[in-house]
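Participant: Following this line is model.cif, made up of mmCIF, C-alpha atoms:
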```
data_protein
#
loop_
_atom_site.label_atom_id
_atom_site.label_comp_id
_atom_site.auth_asym_id
_atom_site.auth_seq_id
_atom_site.Cartn_x
_atom_site.Cartn_y
_atom_site.Cartn_z
CA MET A 1 70.09 -143.55 69.95
CA SER A 2 70.18 -141.87 66.57
CA TYR A 3 73.46 -140.45 65.25
CA ARG A 4 73.09 -137.67 62.72
CA GLY A 5 76.67 -137.45 61.53
CA MET A 6 78.50 -140.20 59.69
CA ILE A 7 81.58 -140.98 57.67
CA ALA A 8 81.21 -143.11 54.55
CA ASP A 9 83.85 -144.24 52.11
CA MET A 10 85.18 -147.09 50.02
CA VAL A 11 87.53 -149.44 51.87
CA SER A 12 89.58 -152.54 51.21
CA PHE A 13 89.35 -155.66 53.32
CA LYS A 14 91.07 -159.04 53.42
CA ALA A 15 88.57 -161.32 51.72
CA HIS A 16 88.30 -165.08 51.19
CA LYS A 17 91.65 -166.77 50.55
CA GLY A 18 93.49 -163.53 51.13
CA ASP A 19 92.02 -161.68 48.17
CA THR A 20 91.77 -157.93 48.53
CA GLY A 21 88.10 -157.08 48.48
CA GLU A 22 86.33 -153.78 48.12
CA ALA A 23 83.50 -152.60 50.30
CA TYR A 24 81.42 -149.59 51.22
CA TYR A 25 81.82 -148.60 54.86
CA ALA A 26 79.66 -146.14 56.77
CA ARG A 27 79.96 -145.42 60.48
CA PRO A 28 78.59 -142.83 62.84
CA SER A 29 80.86 -139.89 63.45
CA GLY A 30 82.40 -139.77 66.89
CA GLN A 31 84.60 -141.98 69.03
CA GLY A 32 82.16 -144.80 69.61
CA PRO A 33 82.33 -147.51 70.65
CA PHE A 34 79.95 -148.69 67.94
CA PRO A 35 78.64 -152.15 67.17
CA GLY A 36 79.43 -153.43 63.70
CA VAL A 37 77.22 -154.86 60.97
CA VAL A 38 78.07 -156.68 57.74
CA LEU A 39 75.43 -155.95 55.10
CA ILE A 40 75.14 -158.46 52.21
CA HIS A 41 73.65 -157.22 48.96
CA HIS A 42 71.12 -159.05 46.80
CA MET A 43 71.99 -160.80 43.56
CA PRO A 44 71.48 -157.81 41.24
CA GLY A 45 74.54 -156.45 42.88
CA TRP A 46 76.25 -153.79 44.91
CA ASP A 47 73.72 -151.14 43.98
CA ASP A 48 72.60 -147.74 45.20
CA TRP A 49 69.98 -149.22 47.50
CA CYS A 50 72.65 -151.33 49.20
CA MET A 51 74.63 -148.15 49.87
CA GLU A 52 71.54 -146.38 51.21
CA ALA A 53 70.81 -149.28 53.55
CA THR A 54 74.41 -149.18 54.75
CA ARG A 55 74.09 -145.48 55.56
CA LYS A 56 70.74 -146.07 57.24
CA LEU A 57 72.30 -148.50 59.67
CA ALA A 58 75.16 -146.05 60.30
CA HIS A 59 72.55 -143.38 60.99
CA PHE A 60 71.15 -145.58 63.74
CA GLY A 61 74.52 -146.15 65.34
CA PHE A 62 76.05 -149.15 63.58
CA ALA A 63 79.42 -149.18 61.83
CA THR A 64 78.35 -151.00 58.70
CA ILE A 65 80.37 -152.57 55.93
CA ALA A 66 78.84 -153.77 52.66
CA PRO A 67 81.25 -155.96 50.68
CA HIS A 68 81.06 -156.12 46.92
CA LEU A 69 80.61 -159.85 46.45
CA TYR A 70 81.41 -159.67 42.72
CA PHE A 71 84.68 -157.73 42.89
CA ARG A 72 86.62 -160.73 41.57
CA HIS A 73 84.89 -160.32 38.21
CA GLY A 74 86.22 -156.77 37.88
CA PRO A 75 87.18 -154.24 36.95
CA GLY A 76 83.86 -152.83 35.84
CA THR A 77 80.68 -151.23 37.03
CA PRO A 78 78.65 -153.07 39.68
CA ASP A 79 75.90 -153.94 37.22
CA ASP A 80 78.36 -155.32 34.66
CA LEU A 81 80.09 -157.39 37.34
CA ALA A 82 76.71 -158.68 38.53
CA ALA A 83 75.98 -159.81 34.97
CA LYS A 84 79.32 -161.62 34.85
CA ALA A 85 78.68 -163.28 38.20
CA ARG A 86 75.27 -164.40 37.05
CA SER A 87 76.69 -165.74 33.82
CA ALA A 88 79.15 -167.78 35.87
CA GLY A 89 76.30 -169.34 37.87
CA GLY A 90 76.57 -167.02 40.85
CA VAL A 91 79.17 -166.79 43.58
CA TYR A 92 80.31 -169.76 45.64
CA ASP A 93 78.79 -170.04 49.10
CA ASP A 94 82.11 -170.69 50.81
CA GLN A 95 83.59 -167.66 49.07
CA VAL A 96 80.80 -165.42 50.34
CA VAL A 97 81.15 -166.77 53.86
CA GLY A 98 84.90 -166.11 53.64
CA ASP A 99 84.25 -162.56 52.48
CA VAL A 100 81.85 -162.00 55.38
CA LYS A 101 84.49 -163.31 57.76
CA GLY A 102 86.96 -160.83 56.31
CA CYS A 103 84.50 -158.00 56.82
CA MET A 104 83.98 -159.05 60.43
CA GLU A 105 87.72 -158.90 60.98
CA PHE A 106 87.78 -155.46 59.37
CA LEU A 107 85.08 -154.24 61.74
CA ARG A 108 86.74 -155.63 64.85
CA ALA A 109 90.02 -153.98 63.88
CA GLN A 110 88.48 -150.51 63.84
CA PRO A 111 89.31 -148.40 66.90
CA GLU A 112 85.67 -147.42 67.34
CA SER A 113 84.40 -151.03 67.44
CA ASN A 114 82.61 -152.32 70.53
CA GLY A 115 83.51 -155.87 69.47
CA LYS A 116 79.97 -156.95 68.62
CA ILE A 117 79.06 -157.93 65.07
CA GLY A 118 75.74 -158.45 63.33
CA VAL A 119 75.08 -159.67 59.80
CA ILE A 120 72.13 -158.68 57.62
CA GLY A 121 71.27 -159.59 54.06
CA PHE A 122 68.50 -159.17 51.56
CA CYS A 123 67.12 -161.71 49.08
CA SER A 124 70.09 -163.93 48.14
CA GLY A 125 71.95 -161.96 50.81
CA GLY A 126 69.42 -163.18 53.36
CA ARG A 127 70.36 -166.70 52.43
CA HIS A 128 74.04 -165.79 52.69
CA THR A 129 73.38 -164.30 56.11
CA PHE A 130 71.88 -167.55 57.32
CA LEU A 131 74.89 -169.46 55.98
CA ALA A 132 77.37 -167.08 57.61
CA ALA A 133 75.56 -167.26 60.94
CA CYS A 134 75.74 -171.06 60.81
CA GLN A 135 79.40 -171.26 59.81
CA LEU A 136 81.23 -168.36 61.41
CA ASP A 137 82.22 -167.84 65.02
CA GLY A 138 81.56 -164.44 66.50
CA VAL A 139 78.29 -163.52 64.83
CA ASP A 140 76.27 -161.88 67.62
CA ALA A 141 73.04 -161.32 65.67
CA ALA A 142 71.77 -162.24 62.21
CA VAL A 143 68.93 -160.76 60.15
CA ASP A 144 67.54 -162.68 57.20
CA CYS A 145 65.36 -160.45 55.02
CA TRP A 146 63.33 -162.71 52.71
CA GLY A 147 66.22 -165.00 51.87
CA GLY A 148 65.03 -167.56 49.33
CA ASN A 149 66.32 -171.08 48.84
CA VAL A 150 67.20 -171.51 52.51
CA VAL A 151 64.76 -174.38 52.19
CA VAL A 152 65.48 -176.34 49.01
CA ASP A 153 62.43 -178.18 47.68
CA ASP A 154 64.24 -179.97 44.89
CA PRO A 155 67.80 -181.28 45.43
CA SER A 156 68.47 -180.79 41.71
CA GLN A 157 68.56 -177.06 42.51
CA LEU A 158 71.83 -177.60 44.37
CA THR A 159 74.84 -176.54 42.33
CA PRO A 160 78.62 -176.40 42.78
CA GLN A 161 78.15 -172.77 43.83
CA ARG A 162 75.35 -173.62 46.26
CA PRO A 163 76.00 -177.25 47.23
CA VAL A 164 74.07 -177.46 50.52
CA ALA A 165 70.59 -176.40 51.57
CA PRO A 166 71.19 -173.82 54.30
CA ILE A 167 68.41 -175.26 56.47
CA ASP A 168 70.53 -178.39 56.83
CA MET A 169 73.11 -176.29 58.70
CA THR A 170 70.64 -174.95 61.25
CA GLU A 171 72.08 -177.01 64.08
CA ARG A 172 75.26 -174.95 63.83
CA LEU A 173 73.45 -171.64 64.22
CA THR A 174 74.61 -169.89 67.38
CA ALA A 175 73.48 -166.29 66.84
CA PRO A 176 69.96 -165.06 67.52
CA LEU A 177 68.12 -164.77 64.22
CA LEU A 178 65.58 -162.19 63.07
CA GLY A 179 63.61 -163.10 59.97
CA LEU A 180 61.38 -160.74 57.96
CA PHE A 181 59.13 -162.15 55.27
CA GLY A 182 56.29 -161.10 53.00
CA ASN A 183 53.32 -163.43 52.92
CA ASP A 184 52.87 -162.87 49.18
CA ASP A 185 56.42 -163.98 48.44
CA LYS A 186 56.91 -167.14 46.37
CA ASN A 187 60.49 -167.79 47.46
CA PRO A 188 60.56 -167.93 50.38
CA SER A 189 56.91 -168.86 50.42
CA PRO A 190 54.97 -168.91 53.69
CA GLU A 191 55.42 -172.69 53.62
CA HIS A 192 59.20 -172.29 53.36
CA VAL A 193 59.14 -169.88 56.29
CA ASN A 194 57.06 -172.31 58.33
CA THR A 195 59.48 -175.13 57.52
CA LEU A 196 62.46 -173.06 58.62
CA GLU A 197 60.71 -171.94 61.78
CA ALA A 198 59.84 -175.53 62.67
CA LYS A 199 63.50 -176.47 62.25
CA LEU A 200 64.67 -173.61 64.45
CA LYS A 201 62.10 -174.44 67.08
CA SER A 202 62.92 -178.13 67.13
CA LEU A 203 66.58 -177.31 67.71
CA GLY A 204 65.84 -174.76 70.43
CA LYS A 205 67.37 -171.85 68.52
CA SER A 206 66.84 -168.22 69.41
CA TYR A 207 64.82 -166.63 66.63
CA GLU A 208 62.19 -164.01 65.94
CA PHE A 209 60.14 -164.21 62.73
CA HIS A 210 57.77 -161.56 61.40
CA ARG A 211 55.46 -162.25 58.51
CA TYR A 212 53.84 -159.32 56.71
CA ASP A 213 50.47 -159.43 55.00
CA GLY A 214 50.15 -157.38 51.84
CA ALA A 215 53.88 -157.65 51.11
CA GLY A 216 55.84 -159.81 48.74
CA HIS A 217 59.54 -160.06 48.02
CA GLY A 218 61.85 -157.13 48.67
CA PHE A 219 59.27 -154.83 50.18
CA PHE A 220 61.95 -152.46 51.57
CA ALA A 221 62.93 -151.27 48.06
CA ALA A 222 61.39 -147.82 47.76
CA ASP A 223 62.23 -147.56 44.05
CA ARG A 224 60.22 -150.64 43.03
CA PRO A 225 56.51 -151.45 42.80
CA GLY A 226 56.84 -154.04 45.56
CA TYR A 227 57.64 -151.35 48.12
CA ARG A 228 55.25 -151.41 51.05
CA PRO A 229 55.85 -148.32 53.18
CA GLU A 230 53.96 -149.41 56.27
CA GLN A 231 55.51 -152.88 56.37
CA ALA A 232 58.95 -151.53 55.48
CA LYS A 233 58.85 -148.95 58.25
CA ASP A 234 57.87 -151.58 60.78
CA GLY A 235 60.46 -154.00 59.44
CA TRP A 236 63.31 -151.51 59.61
CA GLN A 237 62.34 -150.66 63.17
CA LYS A 238 62.47 -154.33 64.07
CA VAL A 239 65.94 -154.59 62.51
CA ILE A 240 67.22 -151.58 64.44
CA ASN A 241 65.72 -152.80 67.72
CA PHE A 242 67.07 -156.32 67.22
CA PHE A 243 70.59 -155.10 66.53
CA HIS A 244 70.55 -152.69 69.48
CA LYS A 245 69.29 -155.44 71.77
CA ASN A 246 71.95 -157.93 70.70
CA LEU A 247 74.89 -155.71 69.76
CA GLY A 248 74.58 -152.81 72.15
CA MET B 1 63.77 -164.31 44.63
CA CYS B 2 67.09 -164.27 42.83
CA SER B 3 66.78 -167.36 40.68
CA TYR B 4 70.13 -167.58 38.83
CA ILE B 5 68.19 -169.12 35.90
CA THR B 6 69.69 -167.84 32.69
CA GLU B 7 69.00 -168.72 29.06
CA THR B 8 71.87 -168.21 26.65
CA ALA B 9 71.54 -167.74 22.89
CA SER B 10 74.28 -167.68 20.28
CA ILE B 11 73.68 -164.68 18.05
CA VAL B 12 75.25 -163.01 15.03
CA GLY B 13 75.23 -159.25 14.77
CA SER B 14 76.29 -155.97 16.28
CA ALA B 15 75.24 -153.76 19.17
CA LYS B 16 76.04 -150.19 20.04
CA GLY B 17 77.41 -149.64 23.52
CA PRO B 18 79.04 -146.73 25.31
CA GLU B 19 82.18 -147.10 23.21
CA GLY B 20 80.46 -147.50 19.86
CA TRP B 21 79.56 -150.50 17.75
CA VAL B 22 80.82 -153.96 18.68
CA ASN B 23 80.26 -157.47 17.40
CA VAL B 24 78.02 -159.53 19.69
CA THR B 25 78.11 -163.30 19.74
CA SER B 26 75.82 -164.30 22.59
CA ALA B 27 72.89 -163.06 24.63
CA ASN B 28 72.03 -163.97 28.19
CA VAL B 29 68.31 -163.76 28.91
CA TYR B 30 66.74 -163.94 32.37
CA PHE B 31 63.69 -162.83 34.32
CA ASP B 32 64.77 -161.64 37.74
CA HIS B 33 65.28 -158.53 39.84
CA PRO B 34 66.63 -155.77 37.63
CA TYR B 35 69.55 -153.53 38.47
CA HIS B 36 68.09 -150.27 37.15
CA ALA B 37 64.47 -150.57 35.99
CA ALA B 38 61.82 -149.58 38.52
CA LEU B 39 60.32 -153.05 38.43
CA ASP B 40 60.21 -155.93 40.90
CA HIS B 41 61.19 -158.32 38.11
CA ALA B 42 62.41 -157.61 34.61
CA LEU B 43 63.17 -159.54 31.48
CA SER B 44 66.83 -158.74 31.08
CA ILE B 45 68.97 -159.31 28.03
CA ASP B 46 72.73 -158.93 28.06
CA PHE B 47 74.19 -158.78 24.57
CA LEU B 48 77.81 -159.80 24.97
CA SER B 49 80.88 -158.95 22.97
CA PRO B 50 83.71 -161.24 24.03
CA ASP B 51 86.25 -159.42 21.88
CA THR B 52 85.82 -156.17 23.74
CA ASN B 53 84.40 -157.56 27.00
CA GLN B 54 81.45 -155.19 26.60
CA ARG B 55 77.85 -155.73 27.55
CA VAL B 56 74.84 -153.99 26.06
CA ALA B 57 71.95 -154.50 28.46
CA VAL B 58 68.20 -153.96 28.52
CA GLU B 59 65.72 -154.54 31.34
CA LEU B 60 62.04 -154.77 30.28
CA SER B 61 58.75 -155.39 31.99
CA ALA B 62 57.28 -158.83 31.31
CA GLU B 63 54.39 -157.30 29.38
CA SER B 64 56.59 -155.14 27.17
CA ALA B 65 59.04 -158.00 26.63
CA ARG B 66 56.24 -160.20 25.32
CA ALA B 67 55.01 -157.37 23.10
CA LEU B 68 58.54 -156.90 21.80
CA VAL B 69 58.84 -160.59 20.94
CA ALA B 70 55.63 -160.33 18.92
CA ARG B 71 56.88 -157.20 17.14
CA ILE B 72 60.23 -158.83 16.37
CA LEU B 73 58.50 -161.83 14.82
CA SER B 74 56.13 -159.57 12.91
CA ALA B 75 58.98 -157.42 11.61
CA LEU B 76 60.88 -160.52 10.51
CA GLU B 77 57.86 -161.90 8.71
CA THR B 78 57.00 -158.72 6.83
CA GLY B 79 60.62 -157.81 6.17
CA GLU B 80 61.53 -161.20 4.81
CA LYS B 81 58.52 -161.08 2.50
CA GLU B 82 59.58 -157.63 1.29
CA HIS B 83 63.20 -158.50 0.76
CA GLY B 84 62.74 -162.03 -0.43
#
```
Could you write out this structure as structure tokens?

Facilitator:
Amino acid sequence: MSYRGMIADMVSFKAHKGDTGEAYYARPSGQGPFPGVVLIHHMPGWDDWCMEATRKLAHFGFATIAPHLYFRHGPGTPDDLAAKARSAGGVYDDQVVGDVKGCMEFLRAQPESNGKIGVIGFCSGGRHTFLAACQLDGVDAAVDCWGGNVVVDDPSQLTPQRPVAPIDMTERLTAPLLGLFGNDDKNPSPEHVNTLEAKLKSLGKSYEFHRYDGAGHGFFAADRPGYRPEQAKDGWQKVINFFHKNLG
Amino acid sequence: MCSYITETASIVGSAKGPEGWVNVTSANVYFDHPYHAALDHALSIDFLSPDTNQRVAVELSAESARALVARILSALETGEKEHG
């Protein structure tokens, strides 16, 4: 079902270690009940595209919250805070997972919630989605859009911020996982995707992977040369269908 | 993919930001997804002013960044010859 009306605004939520986080929240107008989605932005930050994607999911019936993962570096504009986060080596994985948990609690506390929660992320947010789905209870569906470094080729790439290769947590994954990938991407490369799929299969996990020819990294971004309209349209439809199937 | 790889240079000089001229003491340089430029990847430079906590940023295509490096070196060479 497609909802034409929506309400979108900035909200506060209880983030990791009790910090007060800021987020963008868009939900369909009406009484609901609506399933909830946490949307995790990519490393360049809490940008306009992230807001558009949040509203897109609301348009299709999902109460969607997009936390600003760099709010602790504020005050400042999202791009300036992204630069500060980058300069600091990125955000800590456990902090992001804690922020996602806080967003899930925000969603469940809304009167229009149906109690189901999905998580979706793009690029580094895809990696964060995989981590959250492996570490948090109550994730009912997870969508990893071209998350790189889920498979870590070189252990020297591990840092205090990112101390564990997410693939090593796969056993703890309980939610069904949808993965979307471009076959021209270098990270995750098709080999990385195959490695992750083999791990999921060996552990008997519920997953659905789609690999797109003629697409590289971030092919949903309509304001960049890597945009691939045909693949993006199909990919978004798969996201919507997957969330409706698993969240209601 | 978001790489987190950043090169940092100590610099001496000034930059003009939204609030006027500031002293800048370092520059972070990286090639990754840009925030604003309509590019999949951009060579980004953040000129940083710790005194004022300001950032003056540019995001350039790889091709234009390389051309700029060549022009900077050329300008330095000719300028230093001219000015001794």

Participant: Any idea what's packed within 7 Å of region 64-75 of chain A, counting all atoms listed in the file, ignoring anything in its chain fewer than 2 positions away? Could you give it as a ChimeraX atom specification?

Facilitator: /A:21-27,36-40,46,54,57-58,62,81-82,84-85,96,103

Participant: Applied to this file, what does the PyMOL selection byres ((chain B) within 12 of (chain A)) return in terms of residues, put as a compact mmCIF listing (two decimals) with C-alpha atoms, keeping the file's coordinate frame?

Facilitator:
```txt
# COMPACT_ATOMS: atom_id res chain seq x y z
CA MET B 1 63.77 -164.31 44.63
CA CYS B 2 67.09 -164.27 42.83
CA SER B 3 66.78 -167.36 40.68
CA TYR B 4 70.13 -167.58 38.83
CA ILE B 5 68.19 -169.12 35.90
CA THR B 6 69.69 -167.84 32.69
CA GLU B 7 69.00 -168.72 29.06
CA THR B 8 71.87 -168.21 26.65
CA SER B 26 75.82 -164.30 22.59
CA ALA B 27 72.89 -163.06 24.63
CA ASN B 28 72.03 -163.97 28.19
CA VAL B 29 68.31 -163.76 28.91
CA TYR B 30 66.74 -163.94 32.37
CA PHE B 31 63.69 -162.83 34.32
CA ASP B 32 64.77 -161.64 37.74
CA HIS B 33 65.28 -158.53 39.84
CA PRO B 34 66.63 -155.77 37.63
CA TYR B 35 69.55 -153.53 38.47
CA HIS B 36 68.09 -150.27 37.15
CA ALA B 37 64.47 -150.57 35.99
CA ALA B 38 61.82 -149.58 38.52
CA LEU B 39 60.32 -153.05 38.43
CA ASP B 40 60.21 -155.93 40.90
CA HIS B 41 61.19 -158.32 38.11
CA ALA B 42 62.41 -157.61 34.61
CA SER B 44 66.83 -158.74 31.08
CA ILE B 45 68.97 -159.31 28.03
CA ASP B 46 72.73 -158.93 28.06
CA PHE B 47 74.19 -158.78 24.57
CA LEU B 48 77.81 -159.80 24.97
CA PRO B 50 83.71 -161.24 24.03
CA ASN B 53 84.40 -157.56 27.00
CA GLN B 54 81.45 -155.19 26.60
CA ARG B 55 77.85 -155.73 27.55
CA VAL B 56 74.84 -153.99 26.06
CA ALA B 57 71.95 -154.50 28.46
CA VAL B 58 68.20 -153.96 28.52
CA GLU B 59 65.72 -154.54 31.34
CA SER B 61 58.75 -155.39 31.99
```

Participant: Distance CA of Val193 (chain A)-CA of Ile167 (chain A), one decimal place?

Facilitator: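 Answer for the CA of Val193 (chain A) to CA of Ile167 (chain A) separation: 10.7 Å.
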
Participant: Rounded to one decimal, what separation in Å do you get between CA of Asp144 (chain A) and CA of Gly179 (chain A)?

Facilitator: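 Answer for the CA of Asp144 (chain A) to CA of Gly179 (chain A) separation: 4.8 Å.
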
Participant: What gap, in Å, lies between CA of Met6 (chain A) and CA of Pro33 (chain A)?

Facilitator: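 We find that CA of Met6 (chain A) and CA of Pro33 (chain A) lie 13.7 Å from each other.
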
Participant: How would you write, as a PyMOL selection string, the residues chosen by the PyMOL selection byres ((chain B and resi 10) around 6) on this structure?

Facilitator: chain B and resi 9+11+25-26

Participant: Considering all atoms listed in the file, state which residue in the set A:Thr129, A:Gln95, A:Thr159, A:Gln231 is at the smallest distance from Ala141 (chain A).

Facilitator: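 Ranked by minimum distance to Ala141 (chain A), first place goes to A:Thr129.
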
Participant: Tell me which protein, DNA and RNA residues are within 10 Å of Ser29 (chain A), counting all atoms listed in the file, leaving out same-chain ones fewer than 5 positions away, and put them as a PyMOL selection string.

Facilitator: chain A and resi 3-8+34+58-59+61+63+112

Participant: Please determine, counting only C-alpha atoms, which residue among A:Cys50, A:Val97, A:Pro163, A:Gln31 has the shortest atom-to-atom distance to His16 (chain A).

Facilitator: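 With only C-alpha atoms as the atom set, the closest residue is A:Val97.
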
Participant: Might you spell out which residues the PyMOL selection byres ((chain A and resi 197) around 12) would select in the displayed file, as number ranges by chain?

Facilitator: A: 150-151, 167, 170, 177-181, 190-196, 198-211

Participant: Using all atoms listed in the file, determine which residues lie at most 7 Å from Ala15 (chain B), disregarding the query and same-chain residues fewer than 2 positions distant; provide the list as a list in words.

Facilitator: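 My list of contacting residues is Gly17, Trp21, Val22, Asn23, Val24 and Val56 of chain B.
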
Participant: What box, with edges along x, y and z, holds each listed atom of region 121-138 of chain A when 6 Å is added on every side, and can you state its centre and edge lengths in Å to one decimal, as AutoDock Vina command-line options?

Facilitator:
```
--center_x 74.7 --center_y -165.2 --center_z 57.3 --size_x 27.1 --size_y 24.1 --size_z 30.4
```
